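Below is entry-v2.cif, which holds mmCIF, C-alpha atoms.
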```
data_run
loop_
_atom_site.label_atom_id
_atom_site.label_comp_id
_atom_site.auth_asym_id
_atom_site.auth_seq_id
_atom_site.Cartn_x
_atom_site.Cartn_y
_atom_site.Cartn_z
CA MET A 16 -80.21 -71.63 40.79
CA PRO A 17 -78.94 -73.09 37.53
CA LYS A 18 -78.70 -70.51 34.76
CA ARG A 19 -80.39 -72.92 32.34
CA LEU A 20 -83.50 -73.11 34.54
CA VAL A 21 -83.78 -69.32 34.74
CA LEU A 22 -83.47 -69.07 30.96
CA LEU A 23 -86.02 -71.86 30.50
CA LEU A 24 -88.50 -70.16 32.81
CA SER A 25 -87.90 -66.82 31.10
CA ALA A 26 -88.43 -68.24 27.62
CA PHE A 27 -91.57 -70.14 28.51
CA SER A 28 -93.13 -67.24 30.39
CA LEU A 29 -93.56 -65.25 27.21
CA ALA A 30 -95.78 -67.98 25.75
CA VAL A 31 -97.85 -68.73 28.85
CA PRO A 32 -101.12 -66.94 29.63
CA ALA A 33 -101.37 -65.12 32.95
CA PHE A 34 -102.36 -67.26 35.93
CA ALA A 35 -101.76 -70.52 34.05
CA VAL A 36 -98.76 -72.76 34.40
CA ASP A 37 -97.44 -74.49 31.32
CA PRO A 38 -96.76 -78.20 32.00
CA ALA A 39 -93.05 -77.81 31.11
CA ILE A 40 -92.67 -74.88 33.52
CA LYS A 41 -94.63 -76.73 36.19
CA LYS A 42 -92.24 -79.66 35.93
CA GLN A 43 -89.24 -77.37 36.39
CA LEU A 44 -90.86 -75.43 39.25
CA GLU A 45 -91.65 -78.66 41.11
CA LYS A 46 -87.91 -79.35 41.35
CA LEU A 47 -87.31 -76.14 43.31
CA ASP A 48 -87.50 -75.60 47.04
CA PRO A 49 -90.72 -73.77 48.07
CA ALA A 50 -89.05 -70.35 48.61
CA THR A 51 -87.32 -70.41 45.23
CA ARG A 52 -90.50 -71.69 43.58
CA LEU A 53 -92.46 -68.76 45.05
CA GLU A 54 -89.95 -66.24 43.73
CA GLN A 55 -89.67 -67.83 40.28
CA SER A 56 -93.45 -68.15 39.88
CA CYS A 57 -93.90 -64.49 40.78
CA ASP A 58 -91.02 -63.28 38.60
CA THR A 59 -92.35 -65.26 35.66
CA GLU A 60 -95.88 -63.92 36.13
CA ALA A 61 -94.62 -60.33 36.45
CA MET A 62 -92.68 -60.71 33.22
CA SER A 63 -95.68 -62.21 31.45
CA ARG A 64 -98.06 -59.55 32.73
CA ILE A 65 -95.81 -56.61 31.80
CA ASN A 66 -95.33 -58.15 28.36
CA LYS A 67 -99.10 -58.39 27.81
CA ASP A 68 -100.04 -54.99 29.23
CA GLU A 69 -99.93 -52.06 26.86
CA THR A 70 -96.79 -50.59 28.41
CA GLY A 71 -94.55 -51.05 25.36
CA TYR A 72 -92.06 -53.02 27.46
CA ARG A 73 -90.99 -56.49 26.36
CA PRO A 74 -89.33 -58.01 29.42
CA ASP A 75 -87.10 -61.04 29.07
CA LYS A 76 -85.85 -61.14 32.67
CA VAL A 77 -87.12 -60.19 36.14
CA ILE A 78 -84.98 -60.22 39.28
CA ALA A 79 -86.82 -59.84 42.58
CA TYR A 80 -83.85 -58.93 44.80
CA THR A 81 -81.68 -56.35 43.01
CA PHE A 82 -82.23 -53.25 45.15
CA LYS A 83 -83.93 -54.73 48.24
CA ASP A 84 -84.48 -58.25 49.48
CA PRO A 85 -87.97 -59.57 48.75
CA VAL A 86 -90.24 -60.18 51.73
CA PRO A 87 -91.79 -63.65 51.57
CA GLY A 88 -94.92 -64.78 53.37
CA ASP A 89 -96.67 -68.13 53.35
CA ASP A 90 -98.13 -67.67 49.87
CA LYS A 91 -97.07 -64.07 49.25
CA LEU A 92 -93.99 -62.29 47.99
CA GLU A 93 -93.39 -58.56 48.17
CA ALA A 94 -90.53 -57.44 45.94
CA PRO A 95 -90.01 -53.70 46.45
CA GLY A 96 -86.52 -53.73 44.94
CA ALA A 97 -87.02 -55.78 41.79
CA VAL A 98 -85.89 -54.98 38.25
CA PHE A 99 -86.75 -56.18 34.78
CA ARG A 100 -84.90 -56.05 31.47
CA SER A 101 -86.67 -54.90 28.33
CA LYS A 102 -85.10 -54.28 24.93
CA GLY A 103 -81.63 -54.21 26.50
CA ASP A 104 -82.40 -51.76 29.31
CA TRP A 105 -83.13 -52.40 32.99
CA TYR A 106 -86.04 -50.80 34.86
CA HIS A 107 -86.95 -50.57 38.53
CA LEU A 108 -89.94 -52.71 39.48
CA SER A 109 -91.89 -53.37 42.63
CA TYR A 110 -94.52 -56.05 42.91
CA THR A 111 -96.74 -57.94 45.30
CA CYS A 112 -97.62 -61.49 44.35
CA ILE A 113 -99.95 -64.05 45.92
CA THR A 114 -99.79 -67.71 44.89
CA GLY A 115 -101.56 -70.91 45.82
CA PRO A 116 -100.11 -73.03 48.63
CA GLN A 117 -97.79 -74.95 46.28
CA HIS A 118 -96.44 -71.65 44.85
CA MET A 119 -97.22 -72.81 41.32
CA ASN A 120 -100.16 -70.65 40.28
CA VAL A 121 -100.21 -66.91 40.80
CA ARG A 122 -103.59 -65.80 42.13
CA GLU A 123 -102.93 -62.07 42.35
CA LEU A 124 -100.21 -59.77 41.13
CA SER A 125 -99.87 -56.01 41.35
CA TYR A 126 -96.84 -54.15 40.14
CA LYS A 127 -95.40 -50.71 39.55
CA ILE A 128 -92.75 -49.91 36.96
CA GLY A 129 -90.16 -47.35 37.97
CA ASP A 130 -87.38 -45.47 36.24
CA LYS A 131 -84.75 -46.88 33.93
CA VAL A 132 -81.60 -47.99 35.76
CA PRO A 133 -78.68 -45.92 34.43
CA ARG A 134 -76.11 -48.06 32.65
CA GLU A 135 -73.34 -46.77 34.92
CA LYS A 136 -75.06 -48.49 37.86
CA TRP A 137 -75.39 -51.89 36.19
CA GLU A 138 -72.06 -53.25 37.38
CA LYS A 139 -72.73 -52.27 40.99
CA TYR A 140 -76.00 -54.22 40.96
CA TYR A 141 -74.77 -57.14 38.81
CA LEU A 142 -77.03 -56.25 35.87
CA TYR A 143 -75.96 -57.31 32.41
CA ASP A 144 -76.79 -57.12 28.69
#
```

Could the structure of this file be written out as structure tokens, please?
Amino acid sequence: MPKRLVLLLSAFSLAVPAFAVDPAIKKQLEKLDPATRLEQSCDTEAMSRINKDETGYRPDKVIAYTFKDPVPGDDKLEAPGAVFRSKGDWYHLSYTCITGPQHMNVRELSYKIGDKVPREKWEKYYLYD
């Protein structure tokens, strides 16, 4: 996926309320194939939700497939090996996400934040500053 699109989705997600899709994001998501759209919608919602919850984290990036491949369903994505970046550090994340049939609107999202990923493991898992 083009780096610019990921950055655009990441930037917009911080300004978008949970469960709503900003028209600019919607336009970008519509250009993606359904599987990629499902993953990006869920990653964006996870980032938005963690940012709004009183966790103290301020994520600017979520990756669904870092430690384990996500398991897609028709309108569901389970990401047991995800990560997110907050304030320059990476953290383990697992989430389950359910969207509508077009994979645009997230209907349900549950997540669990894990431990910080040690910096010495970043290169192995292609994590970056």

The PyMOL selection byres ((chain A and resi 124) around 6) resolved against shown file, as number ranges by chain: A: 111-112, 123, 125

Among the residues A:Leu44, A:Ser101, A:Lys131, A:Ser109, the one that comes closest to Asp144 in chain A [using all atoms listed in the file]: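 Looking at the shortest contact to Asp144 in chain A, the residue is A:Ser101.
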
All residues 12 Å or closer to Asp90 in chain A, only C-alpha atoms, same chain fewer than 4 positions away omitted, as an NGL selection string: :A and (49-50 or 52-54 or 56-57 or 86 or 111-124)

Take the selection from the previous step and output its residues with C-alpha atoms, as a PDB file, in the frame of the given file.
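Once everything was written out, this is part-v8.pdb:
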```pdb
ATOM      1  CA  PRO A  49     -90.720 -73.770  48.070  1.00  0.00           C
ATOM      2  CA  ALA A  50     -89.050 -70.350  48.610  1.00  0.00           C
ATOM      3  CA  ARG A  52     -90.500 -71.690  43.580  1.00  0.00           C
ATOM      4  CA  LEU A  53     -92.460 -68.760  45.050  1.00  0.00           C
ATOM      5  CA  GLU A  54     -89.950 -66.240  43.730  1.00  0.00           C
ATOM      6  CA  SER A  56     -93.450 -68.150  39.880  1.00  0.00           C
ATOM      7  CA  CYS A  57     -93.900 -64.490  40.780  1.00  0.00           C
ATOM      8  CA  VAL A  86     -90.240 -60.180  51.730  1.00  0.00           C
ATOM      9  CA  THR A 111     -96.740 -57.940  45.300  1.00  0.00           C
ATOM     10  CA  CYS A 112     -97.620 -61.490  44.350  1.00  0.00           C
ATOM     11  CA  ILE A 113     -99.950 -64.050  45.920  1.00  0.00           C
ATOM     12  CA  THR A 114     -99.790 -67.710  44.890  1.00  0.00           C
ATOM     13  CA  GLY A 115    -101.560 -70.910  45.820  1.00  0.00           C
ATOM     14  CA  PRO A 116    -100.110 -73.030  48.630  1.00  0.00           C
ATOM     15  CA  GLN A 117     -97.790 -74.950  46.280  1.00  0.00           C
ATOM     16  CA  HIS A 118     -96.440 -71.650  44.850  1.00  0.00           C
ATOM     17  CA  MET A 119     -97.220 -72.810  41.320  1.00  0.00           C
ATOM     18  CA  ASN A 120    -100.160 -70.650  40.280  1.00  0.00           C
ATOM     19  CA  VAL A 121    -100.210 -66.910  40.800  1.00  0.00           C
ATOM     20  CA  ARG A 122    -103.590 -65.800  42.130  1.00  0.00           C
ATOM     21  CA  GLU A 123    -102.930 -62.070  42.350  1.00  0.00           C
ATOM     22  CA  LEU A 124    -100.210 -59.770  41.130  1.00  0.00           C
TER      23      LEU A 124
END
```

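Closest approach to Pro74 in chain A among A:Asp89, A:Arg100, A:Glu60, A:Gln55: A:Arg100, based on all atoms listed in the file.
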
The PyMOL selection byres ((chain A and resi 80) around 8) applied to the shown file, residues as a ChimeraX atom specification: /A:78-79,81-85,94,96-98

Between CA of Tyr110 in chain A and CA of Pro95 in chain A, distance in Å (one decimal):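 These atoms are spaced 6.2 Å apart.
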
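The coordinates place CA of Arg73 in chain A at 25.1 Å from CA of Lys42 in chain A.
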
Best match for closeness to Tyr126 in chain A among A:Leu142, A:Leu92, A:Val77, A:Ala61, counting only C-alpha atoms: A:Ala61

Between CA of Gly71 in chain A and CA of Trp137 in chain A, distance in Å (one decimal): 22.0 Å
